[in-house]
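Shown below: start_3.txt, with compact mmCIF, C-alpha atoms and all ligand atoms.
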# COMPACT_ATOMS: atom_id res chain seq x y z
CA MET A 142 90.55 76.54 118.97
CA ALA A 143 87.59 77.06 116.67
CA ALA A 144 85.94 79.68 118.91
CA GLY A 145 89.22 81.57 119.04
CA MET A 146 89.66 81.55 115.30
CA ASP A 147 86.11 82.81 114.73
CA LEU A 148 86.58 85.77 117.04
CA PHE A 149 90.26 86.34 116.28
CA PRO A 150 90.88 85.34 112.66
CA LEU A 151 94.32 85.56 111.09
CA GLY A 152 92.69 86.57 107.82
CA ILE A 153 90.03 89.18 107.12
CA ALA A 154 88.04 90.26 110.20
CA THR A 155 84.43 91.26 109.60
CA GLY A 156 81.17 90.99 111.53
CA ALA A 157 81.62 89.68 115.08
CA ALA A 158 85.40 89.61 114.61
CA HIS A 159 85.60 93.28 113.60
CA CYS A 160 86.63 95.57 116.45
CA ASN A 161 85.82 99.28 116.40
CA ARG A 162 86.89 101.30 113.31
CA ARG A 163 83.58 103.15 113.64
CA GLU A 164 84.91 106.45 112.36
CA GLU A 165 86.90 104.99 109.52
CA ARG A 166 83.96 102.77 108.58
CA ALA A 167 81.60 105.73 108.51
CA GLU A 168 84.04 107.85 106.54
CA LEU A 169 84.76 105.21 103.95
CA SER A 170 81.03 104.45 103.57
CA ARG A 171 80.30 108.14 103.10
CA ASN A 172 83.04 108.48 100.51
CA ILE A 173 81.79 105.51 98.54
CA ALA A 174 78.13 106.51 98.71
CA GLY A 175 78.98 110.10 97.76
CA GLY A 176 81.29 109.15 94.90
CA THR A 177 84.44 110.48 96.60
CA HIS A 178 87.58 108.49 95.82
CA THR A 179 89.66 107.32 98.77
CA TRP A 180 93.19 106.30 99.36
CA LEU A 181 93.52 104.19 102.45
CA TRP A 182 96.89 103.88 104.04
CA GLY A 183 97.98 101.72 106.97
CA HIS A 184 101.03 99.70 107.91
CA ARG A 185 101.09 96.06 106.92
CA ARG A 186 98.40 93.99 108.62
CA THR A 187 96.67 96.89 110.36
CA GLY A 188 93.30 95.96 108.91
CA LYS A 189 92.93 97.74 105.57
CA THR A 190 91.36 94.82 103.76
CA SER A 191 89.16 94.03 106.78
CA LEU A 192 87.92 97.61 106.90
CA ILE A 193 87.12 97.62 103.20
CA GLU A 194 85.36 94.24 103.37
CA GLN A 195 83.37 95.36 106.39
CA VAL A 196 82.27 98.54 104.63
CA LEU A 197 81.32 96.59 101.51
CA GLN A 198 79.22 94.32 103.73
CA ASP A 199 77.68 97.38 105.39
CA LEU A 200 76.81 98.68 101.93
CA ALA A 201 75.64 95.33 100.57
CA ARG A 202 72.00 96.17 101.21
CA SER A 203 72.32 99.44 99.32
CA GLU A 204 72.22 99.72 95.56
CA ILE A 205 76.01 100.05 95.35
CA ALA A 206 77.74 97.27 93.46
CA ALA A 207 81.33 96.45 94.41
CA ALA A 208 84.35 94.87 92.78
CA THR A 209 87.81 94.32 94.23
CA VAL A 210 91.12 93.75 92.50
CA ASP A 211 94.12 92.71 94.58
CA LEU A 212 97.23 94.02 92.86
CA LEU A 213 99.52 91.89 95.00
CA VAL A 214 98.96 88.96 92.67
CA ALA A 215 99.40 90.90 89.43
CA HIS A 216 102.86 90.53 87.91
CA ASP A 217 102.76 92.73 84.84
CA ALA A 218 100.58 95.24 83.03
CA GLU A 219 98.83 92.57 80.91
CA ASP A 220 98.02 90.56 84.02
CA LEU A 221 96.64 93.64 85.74
CA GLU A 222 94.56 94.43 82.69
CA GLY A 223 93.18 90.86 82.73
CA ARG A 224 92.26 91.05 86.42
CA LEU A 225 90.58 94.40 86.01
CA ARG A 226 88.71 93.06 83.01
CA THR A 227 87.37 90.12 85.02
CA ALA A 228 86.26 92.52 87.76
CA VAL A 229 84.59 94.91 85.31
CA GLU A 230 82.86 92.07 83.44
CA GLY A 231 81.56 90.73 86.75
CA VAL A 232 80.27 93.98 88.14
CA GLY A 233 78.91 95.00 84.72
CA ALA A 234 76.80 91.85 84.66
CA ARG A 235 75.58 92.47 88.20
CA ILE A 236 74.35 95.98 87.51
CA ALA A 237 72.67 94.98 84.26
CA PRO A 238 68.91 95.46 84.46
CA GLN A 239 66.66 92.42 84.06
CA GLY A 240 65.18 91.69 80.66
CA LYS A 241 66.09 91.37 77.05
CA GLN A 242 67.29 94.93 76.58
CA ALA A 243 70.04 94.58 79.19
CA GLY A 244 72.61 93.52 76.64
CA GLN A 245 71.77 96.35 74.28
CA ARG A 246 72.21 99.06 76.89
CA LEU A 247 75.49 97.67 78.14
CA ALA A 248 76.64 97.10 74.57
CA GLU A 249 76.40 100.82 74.04
CA ALA A 250 78.36 101.60 77.22
CA PHE A 251 81.13 99.14 76.40
CA ARG A 252 81.14 99.75 72.64
CA ALA A 253 84.89 100.44 72.45
CA LEU A 254 85.50 96.97 73.91
CA SER A 255 83.50 94.88 71.43
CA PRO A 256 81.41 93.28 74.18
CA GLU A 257 79.85 89.84 73.82
CA PHE A 258 76.85 88.80 75.92
CA SER A 259 75.53 85.40 76.84
CA VAL A 260 72.99 84.16 79.34
CA GLY A 261 73.83 81.11 81.39
CA ALA A 262 72.65 79.44 84.58
CA MET A 263 74.24 82.20 86.61
CA GLY A 264 72.53 84.96 84.60
CA LEU A 265 74.07 87.44 82.21
CA LYS A 266 77.71 87.06 81.25
CA ILE A 267 79.76 89.76 79.61
CA ARG A 268 82.98 89.31 77.71
CA LEU A 269 85.03 92.38 76.90
CA ASN A 270 87.69 92.52 74.21
CA PRO A 271 89.84 95.52 74.92
CA PRO A 272 91.75 97.11 72.08
CA GLY A 273 95.52 97.48 71.87
CA PRO A 274 97.97 97.82 74.72
CA PRO A 275 96.97 97.23 78.36
CA THR A 276 97.09 100.91 79.29
CA ARG A 277 94.51 101.70 76.65
CA GLY A 278 92.40 98.68 77.58
CA ILE A 279 92.40 99.69 81.23
CA THR A 280 91.23 103.22 80.48
CA GLU A 281 88.52 102.05 78.09
CA MET A 282 87.25 99.44 80.52
CA LEU A 283 87.03 101.83 83.43
CA LEU A 284 85.36 104.50 81.30
CA GLY A 285 82.98 101.86 79.96
CA LEU A 286 82.06 100.75 83.46
CA ASP A 287 81.33 104.33 84.45
CA ARG A 288 79.11 104.79 81.38
CA ALA A 289 77.31 101.51 82.05
CA ALA A 290 76.65 102.45 85.68
CA GLY A 291 75.31 105.83 84.58
CA MET A 292 73.02 104.29 81.94
CA VAL A 293 71.40 101.93 84.43
CA GLY A 294 71.39 104.46 87.27
CA ARG A 295 73.63 102.47 89.61
CA ARG A 296 76.65 103.36 91.69
CA VAL A 297 79.73 101.18 91.68
CA VAL A 298 82.76 100.98 93.96
CA LEU A 299 86.00 99.62 92.57
CA VAL A 300 88.61 98.67 95.17
CA LEU A 301 92.24 98.43 94.10
CA ASP A 302 93.98 96.80 97.06
CA GLU A 303 97.78 96.77 97.47
CA PHE A 304 97.90 99.60 94.97
CA GLN A 305 101.60 100.29 95.55
CA GLN A 306 102.21 97.15 93.47
CA LEU A 307 101.61 99.31 90.43
CA SER A 308 105.18 100.51 90.92
CA HIS A 309 106.48 96.94 90.94
CA LEU A 310 104.81 95.67 87.79
CA SER A 311 107.22 94.50 85.16
CA PRO A 312 108.55 97.56 83.35
CA ARG A 313 107.42 96.62 79.86
CA THR A 314 104.86 99.34 80.37
CA ALA A 315 106.21 102.21 82.40
CA PRO A 316 104.33 102.24 85.74
CA ARG A 317 103.58 105.91 85.39
CA SER A 318 101.70 105.31 82.20
CA LEU A 319 99.61 102.71 84.04
CA GLU A 320 99.00 105.32 86.69
CA GLY A 321 98.12 107.75 83.92
CA ALA A 322 95.72 105.25 82.37
CA ILE A 323 93.91 104.79 85.66
CA ARG A 324 93.95 108.47 86.48
CA HIS A 325 92.41 109.32 83.12
CA ALA A 326 89.39 107.18 83.98
CA VAL A 327 89.23 108.17 87.66
CA GLU A 328 89.17 111.85 86.75
CA ARG A 329 86.21 111.37 84.46
CA SER A 330 84.34 109.04 86.74
CA ALA A 331 80.82 110.11 87.68
CA ASN A 332 79.30 106.84 88.90
CA VAL A 333 82.26 104.76 90.06
CA ALA A 334 83.95 105.53 93.39
CA TYR A 335 87.50 104.24 93.67
CA VAL A 336 89.23 102.97 96.79
CA PHE A 337 93.01 102.65 96.55
CA SER A 338 94.63 100.91 99.46
CA GLY A 339 98.12 99.82 100.40
CA SER A 340 100.88 99.71 102.97
CA GLN A 341 104.10 101.01 101.47
CA ARG A 342 103.82 104.58 102.51
CA HIS A 343 106.62 106.10 100.51
CA LEU A 344 105.41 104.54 97.27
CA LEU A 345 101.80 105.49 97.88
CA ALA A 346 102.59 108.96 99.12
CA GLY A 347 104.65 109.35 95.95
CA MET A 348 101.61 108.43 93.87
CA PHE A 349 98.99 110.39 95.73
CA GLU A 350 100.80 113.34 97.26
CA ASP A 351 103.28 114.33 94.59
CA GLU A 352 101.99 117.13 92.39
CA GLU A 353 103.93 115.75 89.43
CA ARG A 354 102.14 112.42 89.56
CA PRO A 355 98.86 111.71 87.81
CA LEU A 356 96.85 110.62 90.84
CA TYR A 357 97.63 113.72 92.82
CA ARG A 358 94.57 115.35 94.40
CA LEU A 359 92.02 112.91 93.09
CA CYS A 360 91.46 111.20 96.40
CA ARG A 361 90.72 111.81 100.03
CA LYS A 362 93.10 110.02 102.37
CA ILE A 363 92.15 107.79 105.30
CA THR A 364 94.96 106.69 107.60
CA LEU A 365 94.44 103.52 109.58
CA ASP A 366 96.11 103.55 112.98
CA ARG A 367 96.05 100.91 115.65
CA ILE A 368 92.73 100.12 117.31
CA GLY A 369 92.30 102.07 120.57
CA GLU A 370 93.00 100.48 123.94
CA ALA A 371 89.49 101.01 125.33
CA ASP A 372 87.92 99.49 122.22
CA TYR A 373 90.15 96.45 122.42
CA ARG A 374 89.39 96.01 126.14
CA ALA A 375 85.67 95.99 125.52
CA PHE A 376 86.05 93.69 122.53
CA ILE A 377 88.22 91.20 124.39
CA GLN A 378 85.92 91.17 127.41
CA HIS A 379 82.99 90.46 125.16
CA ALA A 380 84.93 87.62 123.54
CA SER A 381 85.68 86.25 126.99
CA GLU A 382 82.02 86.30 127.97
CA THR A 383 81.19 84.54 124.72
CA ARG A 384 83.80 81.86 125.30
CA TRP A 385 83.78 81.27 129.08
CA ARG A 386 80.84 83.28 130.41
CA GLN A 387 83.26 85.17 132.65
CA PRO A 388 85.63 88.11 132.28
CA VAL A 389 89.40 88.18 131.81
CA ALA A 390 91.33 90.04 134.52
CA ASP A 391 92.13 93.63 133.57
CA ASP A 392 95.87 93.24 134.11
CA VAL A 393 95.87 90.23 131.77
CA ILE A 394 94.32 92.32 129.03
CA ALA A 395 96.77 95.12 129.77
CA ARG A 396 99.70 92.71 129.36
CA LEU A 397 98.30 91.25 126.19
CA LEU A 398 97.81 94.69 124.65
CA LYS A 399 101.25 95.78 125.77
CA LEU A 400 103.10 92.80 124.30
CA THR A 401 101.24 92.97 121.00
CA GLU A 402 101.30 96.78 121.00
CA ARG A 403 97.69 96.48 119.76
CA HIS A 404 98.96 95.27 116.39
CA PRO A 405 95.69 93.71 115.11
CA TYR A 406 97.31 90.69 113.53
CA TYR A 407 99.25 89.82 116.67
CA VAL A 408 96.36 90.54 119.00
CA ASN A 409 94.45 87.97 116.98
CA ALA A 410 97.34 85.50 116.78
CA LEU A 411 97.78 85.61 120.55
CA CYS A 412 94.08 85.61 121.46
CA ALA A 413 93.29 82.76 119.08
CA ARG A 414 95.72 80.63 121.09
CA LEU A 415 94.51 81.84 124.47
CA TRP A 416 90.88 81.30 123.54
CA GLY A 417 91.73 77.63 122.95
CA GLY A 418 92.13 77.24 126.72
CA GLU A 419 89.50 75.90 129.10
CA LEU A 420 89.51 79.03 131.28
CA PRO A 421 90.15 82.74 130.78
CA PRO A 422 93.91 83.31 130.48
CA GLU A 423 96.24 84.33 133.30
CA ILE A 424 99.31 86.53 132.84
CA GLU A 425 101.62 83.47 132.71
CA SER A 426 99.83 81.94 129.75
CA VAL A 427 99.82 85.30 127.94
CA GLU A 428 103.60 85.48 128.40
CA ALA A 429 104.11 81.83 127.42
CA HIS A 430 102.01 81.98 124.25
CA TRP A 431 103.58 85.28 123.23
CA SER A 432 106.99 83.80 123.73
CA ARG A 433 106.07 80.96 121.40
CA ILE A 434 104.86 83.39 118.74
CA VAL A 435 108.16 85.27 119.06
CA ASP A 436 110.02 81.94 118.71
CA GLU A 437 108.08 81.16 115.54
CA ASP A 438 108.03 84.56 113.82
CA GLY A 439 110.93 86.48 115.36
CA ARG A 440 113.75 85.02 113.34
CA VAL A 441 111.97 85.68 110.06
CA ALA A 442 111.31 89.28 111.09
CA ALA A 443 114.92 89.69 112.20
CA GLY A 444 116.17 88.29 108.88
CA ARG A 445 115.17 91.57 107.31
CA LEU A 446 117.68 93.36 109.52
CA GLN A 447 120.66 91.70 107.88
CA ARG A 448 120.23 93.94 104.88
CA LEU A 449 120.30 97.11 106.97
CA PRO A 450 123.41 99.25 107.50
CA ALA A 451 124.98 98.83 110.95
CA SER A 452 123.85 102.29 112.11
CA GLN A 453 120.21 101.46 111.38
CA ARG A 454 120.51 98.10 113.11
CA ALA A 455 121.95 99.82 116.15
CA MET A 456 119.15 102.38 116.21
CA LEU A 457 116.47 99.72 115.77
CA LYS A 458 117.86 97.53 118.53
CA ALA A 459 118.16 100.47 120.90
CA ILE A 460 114.55 101.53 120.28
CA ALA A 461 113.39 97.95 120.79
CA GLN A 462 115.09 97.75 124.19
CA SER A 463 112.48 99.95 125.79
CA GLU A 464 109.07 98.31 126.16
CA ASP A 465 107.58 101.78 126.44
CA GLY A 466 109.21 103.18 123.33
CA VAL A 467 111.65 106.06 123.09
CA GLU A 468 110.55 109.66 123.37
CA HIS A 469 113.52 111.40 121.75
CA PRO A 470 115.60 109.12 119.51
CA GLY A 471 117.54 112.23 118.43
CA SER A 472 118.53 113.28 121.95
CA HIS A 473 122.18 113.56 122.88
CA GLN A 474 121.82 110.95 125.61
CA PHE A 475 120.15 108.37 123.37
CA VAL A 476 122.47 108.92 120.41
CA SER A 477 125.62 108.76 122.51
CA SER A 478 124.48 105.41 123.91
CA LEU A 479 124.61 104.14 120.31
CA ARG A 480 128.17 105.43 119.82
CA LEU A 481 127.08 107.08 116.56
CA PRO A 482 127.65 110.64 115.33
CA ALA A 483 124.42 112.66 115.69
CA SER A 484 124.01 113.14 111.94
CA THR A 485 124.41 109.40 111.28
CA ALA A 486 121.88 108.58 114.00
CA ASN A 487 119.45 111.09 112.58
CA HIS A 488 119.82 109.64 109.13
CA ALA A 489 119.34 106.11 110.49
CA ARG A 490 116.13 107.08 112.27
CA ALA A 491 114.75 108.72 109.12
CA ALA A 492 115.68 105.68 107.01
CA LEU A 493 113.99 103.26 109.44
CA GLU A 494 110.85 105.37 109.39
CA HIS A 495 110.93 105.53 105.62
CA GLU A 496 111.15 101.73 105.51
CA ASP A 497 108.15 101.51 107.88
CA LEU A 498 110.24 99.67 110.46
CA ILE A 499 109.68 102.24 113.20
CA HIS A 500 106.85 104.67 113.79
CA ARG A 501 105.81 107.37 116.16
CA ARG A 502 102.88 106.23 118.23
CA GLY A 503 99.88 108.38 119.11
CA ASP A 504 101.52 109.21 122.46
CA GLY A 505 104.58 110.60 120.65
CA ARG A 506 106.96 107.77 121.54
CA TRP A 507 108.91 105.85 118.92
CA THR A 508 108.58 102.05 118.71
CA LEU A 509 109.08 99.30 116.20
CA VAL A 510 106.12 98.72 113.90
CA ASP A 511 106.40 94.96 114.41
CA PRO A 512 105.89 93.92 118.07
CA VAL A 513 107.34 90.46 117.46
CA LEU A 514 110.56 91.98 116.20
CA SER A 515 110.61 94.21 119.30
CA SER A 516 110.26 91.27 121.65
CA TYR A 517 112.76 89.24 119.67
CA LEU A 518 115.38 91.98 119.81
CA ARG A 519 114.78 92.63 123.52
CA ARG A 520 115.23 88.97 124.20
CA SER A 521 118.37 88.59 122.09
CA TYR A 522 120.42 91.54 123.27
N1 LIG B 1 88.86 95.83 112.96
C1 LIG B 1 89.48 94.70 113.29
N2 LIG B 1 89.15 94.02 114.42
C2 LIG B 1 89.80 92.89 114.76
N3 LIG B 1 90.80 92.35 114.04
C3 LIG B 1 91.17 92.97 112.91
C4 LIG B 1 90.55 94.18 112.48
N4 LIG B 1 91.12 94.57 111.33
C5 LIG B 1 92.06 93.65 111.06
N5 LIG B 1 92.11 92.69 111.99
C6 LIG B 1 93.03 91.55 112.00
O1 LIG B 1 94.32 92.04 111.68
C7 LIG B 1 94.98 91.20 110.74
C8 LIG B 1 95.27 91.95 109.46
O2 LIG B 1 94.05 92.31 108.82
P1 LIG B 1 93.94 92.67 107.27
O3 LIG B 1 94.41 91.56 106.42
O4 LIG B 1 92.60 93.23 107.06
O5 LIG B 1 95.02 93.85 107.23
P2 LIG B 1 95.71 94.54 105.99
O6 LIG B 1 96.11 95.89 106.47
O7 LIG B 1 94.86 94.45 104.79
O8 LIG B 1 96.99 93.60 105.83
P3 LIG B 1 98.02 93.49 104.57
O9 LIG B 1 98.96 94.65 104.73
O10 LIG B 1 98.71 92.18 104.80
O11 LIG B 1 97.20 93.54 103.33
C9 LIG B 1 94.07 90.00 110.58
O12 LIG B 1 94.45 89.03 111.53
C10 LIG B 1 92.69 90.53 110.91
O13 LIG B 1 91.84 89.52 111.36
MG MG B 2 95.25 93.69 102.89

This entry written out as structure tokens:
Amino acid sequence: MAAGMDLFPLGIATGAAHCNRREERAELSRNIAGGTHTWLWGHRRTGKTSLIEQVLQDLARSEIAAATVDLLVAHDAEDLEGRLRTAVEGVGARIAPQGKQAGQRLAEAFRALSPEFSVGAMGLKIRLNPPGPPTRGITEMLLGLDRAAGMVGRRVVLVLDEFQQLSHLSPRTAPRSLEGAIRHAVERSANVAYVFSGSQRHLLAGMFEDEERPLYRLCRKITLDRIGEADYRAFIQHASETRWRQPVADDVIARLLKLTERHPYYVNALCARLWGGELPPEIESVEAHWSRIVDEDGRVAAGRLQRLPASQRAMLKAIAQSEDGVEHPGSHQFVSSLRLPASTANHARAALEHEDLIHRRGDGRWTLVDPVLSSYLRRSY
């Protein structure tokens, strides 16, 4: 199993496990190096964090210093402020020049935050003491980091992953004022490039594409789609050569990519199991292992459907029925098969898209975002 997990991890995929994303990698690298802020959107588990980590590794040899804050684990504004502070203290210490004057120069940059410096076994340590409420602390810290980077002539990238969580933080501080606090610093940033990433499209689009909202127009958007079929074929063949010194049959790969719909997490989940075998997989073992994954994950995915109105459930199930997706979910023929009025069906389709449960693929056909849920629904009805 170990070989499979190395090539097809269930967590972050970088290095030998990272398939394609050449264009997105180049674009994100360019943005970061050029000081352009980015907002990176992709459905859940499409590889946002892997892309960012890969780009940070690509940039590791450059002079750009990076820090990442995962907002998923922050529960309120104070917590977010604390996590950002840890990140800023860490990256501040890393960009500090060698020598006795380091502290003095950074002290100036972080003056509003009463910085304390100490030198330990791991080198310089900075402690910041932000003033007042978290919104103010956040702005001061980010502005301080930008000043510090400018003073020492370094570039910094600050990644805020799962950024939509900002909208879910406990409302003691209004989320929009947190957004405002961040925007204030991002707007004035000359040396820090920001990467905002997340998966809940309607929340993020609200933050980044609504003229009324503070983050509007500050960032360039990168959308992460599924990895292309040809890229996956080449990648999987290479992994087969690495594992068994022989290729996998083309129709086996085709089946594997069809069942998983090239959803990166499920490609990896399935391949990790198949790569545990003694020989390259045959179609039967692809089907059998996929079936087991659907057994394990399908019920959980389907649990989400219980909260949906009946019309949306009907629409979702009908779209799932077709392995090839549905070209016109609004067509008279399709809608009448659901026994729903056209307007209700239309509304249901829009709601499912809004909830990121269905999407329109590159070829224009509508499918479920989650291939396990698709298989589960096809099997159950
Ligand atoms: N470029 C890639 N090549 C191969 N596998 C990948 C690639 N990108 C992501 N994966 C795989 O897809 C899955 C999801 O990756 P990752 O956690 O980076 O996605 P994410 O979009 O950040 O997910 P989440 O929405 O949960 O934060 C993991 O199993 C990872 O190994
Ligand atoms: Mg992620």

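In this comparison, which uses only C-alpha atoms, the residue of A:Ala218, A:Ala234, A:Ala158, A:Leu299 approaching Glu320 in chain A most closely is A:Ala218.
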
List as a short mmCIF file (atom, residue, chain, number, x, y, z; two decimals) with C-alpha atoms, in the coordinates of the input the protein and nucleic acid residues near range 474-476 of chain A, meaning an atom at most 12 Å away when only C-alpha atoms are counted, but skip any in the same chain fewer than 4 places from it.
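And here is the file that came out, around25.cif:
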data_model
loop_
_atom_site.label_atom_id
_atom_site.label_comp_id
_atom_site.auth_asym_id
_atom_site.auth_seq_id
_atom_site.Cartn_x
_atom_site.Cartn_y
_atom_site.Cartn_z
CA SER A 452 123.85 102.29 112.11
CA GLN A 453 120.21 101.46 111.38
CA ALA A 455 121.95 99.82 116.15
CA MET A 456 119.15 102.38 116.21
CA LEU A 457 116.47 99.72 115.77
CA ALA A 459 118.16 100.47 120.90
CA ILE A 460 114.55 101.53 120.28
CA GLN A 462 115.09 97.75 124.19
CA SER A 463 112.48 99.95 125.79
CA VAL A 467 111.65 106.06 123.09
CA GLU A 468 110.55 109.66 123.37
CA HIS A 469 113.52 111.40 121.75
CA PRO A 470 115.60 109.12 119.51
CA ARG A 480 128.17 105.43 119.82
CA LEU A 481 127.08 107.08 116.56
CA PRO A 482 127.65 110.64 115.33
CA ALA A 483 124.42 112.66 115.69
CA SER A 484 124.01 113.14 111.94
CA THR A 485 124.41 109.40 111.28
CA ALA A 486 121.88 108.58 114.00
CA ASN A 487 119.45 111.09 112.58
CA HIS A 488 119.82 109.64 109.13
CA ALA A 489 119.34 106.11 110.49
CA ARG A 490 116.13 107.08 112.27
#

Listing only residues of range 142-257 of chain A within 8 Å of range 321-344 of chain A, what is the closest atom pair and its distance in Å (to one decimal) for each, using all atoms listed in the file, sorted by chain and residue number ascending, as a Markdown table?
| residue | atom | partner | partner_atom | distance |
| --- | --- | --- | --- | --- |
| A:Asn172 | CA | A:Ala334 | CA | 7.8 |
| A:Ile173 | CA | A:Ala334 | CA | 5.6 |
| A:Ala174 | CA | A:Ala334 | CA | 7.9 |
| A:Gly176 | CA | A:Ala334 | CA | 4.7 |
| A:Thr177 | CA | A:Ala334 | CA | 5.9 |
| A:His178 | CA | A:Tyr335 | CA | 4.8 |
| A:Thr179 | CA | A:Val336 | CA | 4.8 |
| A:Trp180 | CA | A:Phe337 | CA | 4.6 |
| A:Leu181 | CA | A:Ser338 | CA | 4.6 |
| A:Trp182 | CA | A:Gly339 | CA | 5.6 |
| A:Gly183 | CA | A:Ser340 | CA | 5.3 |
| A:His184 | CA | A:Ser340 | CA | 4.9 |
| A:Arg185 | CA | A:Ser340 | CA | 5.4 |
| A:Lys189 | CA | A:Ser338 | CA | 7.1 |

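Within 9 Å of range 413-427 of chain A, once all atoms listed in the file are used and residues closer than 4 positions along the same chain are dropped, the contacting residues are Met142, Ala143, Ala144, Gly145, Met146, Asp147, Leu148, Phe149, Pro150, Leu151, Ala380, Ser381, Arg384, Trp385, Gln387, Pro388, Val389, Ala390, Asp392, Val393, Ile394, Arg396, Leu397, Leu400, Val408, Asn409, Trp431 and Ser432 of chain A.
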
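Taking only C-alpha atoms and all ligand atoms into account, every polymer residue with at least one atom at most 7 Å away from ligand MG 2 (chain B) is listed here: A:Arg186, A:Gly188, A:Lys189, A:Thr190, A:Asp302, A:Glu303.
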
Could you tell me how far CA of Met292 in chain A lies from CA of Thr209 in chain A, in Å and to one decimal?
21.7 Å

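If only C-alpha atoms and all ligand atoms are the atoms counted, then among A:His309, A:His404, A:His379, A:Arg288 the closest residue to ligand LIG 1 (chain B) is A:His404.
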
Build an axis-aligned box that encloses every atom of ligand LIG 1 (chain B) listed in the file, pad it by 4 Å on each side, and report its centre and edge lengths in Å to one decimal, as AutoDock Vina command-line options.
--center_x 93.9 --center_y 92.5 --center_z 109.0 --size_x 18.1 --size_y 14.9 --size_z 19.4

For Pro275 in chain A: contacts at 12 Å, all atoms listed in the file, fewer than 6 positions along chain excluded, given as a PDB file with C-alpha atoms, in the frame of the given file:
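Here's the written file selection04.pdb:
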ATOM      1  CA  ASP A 217     102.760  92.730  84.840  1.00  0.00           C
ATOM      2  CA  ALA A 218     100.580  95.240  83.030  1.00  0.00           C
ATOM      3  CA  GLU A 219      98.830  92.570  80.910  1.00  0.00           C
ATOM      4  CA  ASP A 220      98.020  90.560  84.020  1.00  0.00           C
ATOM      5  CA  LEU A 221      96.640  93.640  85.740  1.00  0.00           C
ATOM      6  CA  GLU A 222      94.560  94.430  82.690  1.00  0.00           C
ATOM      7  CA  GLY A 223      93.180  90.860  82.730  1.00  0.00           C
ATOM      8  CA  ARG A 224      92.260  91.050  86.420  1.00  0.00           C
ATOM      9  CA  LEU A 225      90.580  94.400  86.010  1.00  0.00           C
ATOM     10  CA  ARG A 226      88.710  93.060  83.010  1.00  0.00           C
ATOM     11  CA  GLU A 281      88.520 102.050  78.090  1.00  0.00           C
ATOM     12  CA  MET A 282      87.250  99.440  80.520  1.00  0.00           C
ATOM     13  CA  ARG A 313     107.420  96.620  79.860  1.00  0.00           C
ATOM     14  CA  THR A 314     104.860  99.340  80.370  1.00  0.00           C
ATOM     15  CA  ALA A 315     106.210 102.210  82.400  1.00  0.00           C
ATOM     16  CA  PRO A 316     104.330 102.240  85.740  1.00  0.00           C
ATOM     17  CA  SER A 318     101.700 105.310  82.200  1.00  0.00           C
ATOM     18  CA  LEU A 319      99.610 102.710  84.040  1.00  0.00           C
ATOM     19  CA  GLU A 320      99.000 105.320  86.690  1.00  0.00           C
ATOM     20  CA  GLY A 321      98.120 107.750  83.920  1.00  0.00           C
ATOM     21  CA  ALA A 322      95.720 105.250  82.370  1.00  0.00           C
ATOM     22  CA  ILE A 323      93.910 104.790  85.660  1.00  0.00           C
TER      23      ILE A 323
END
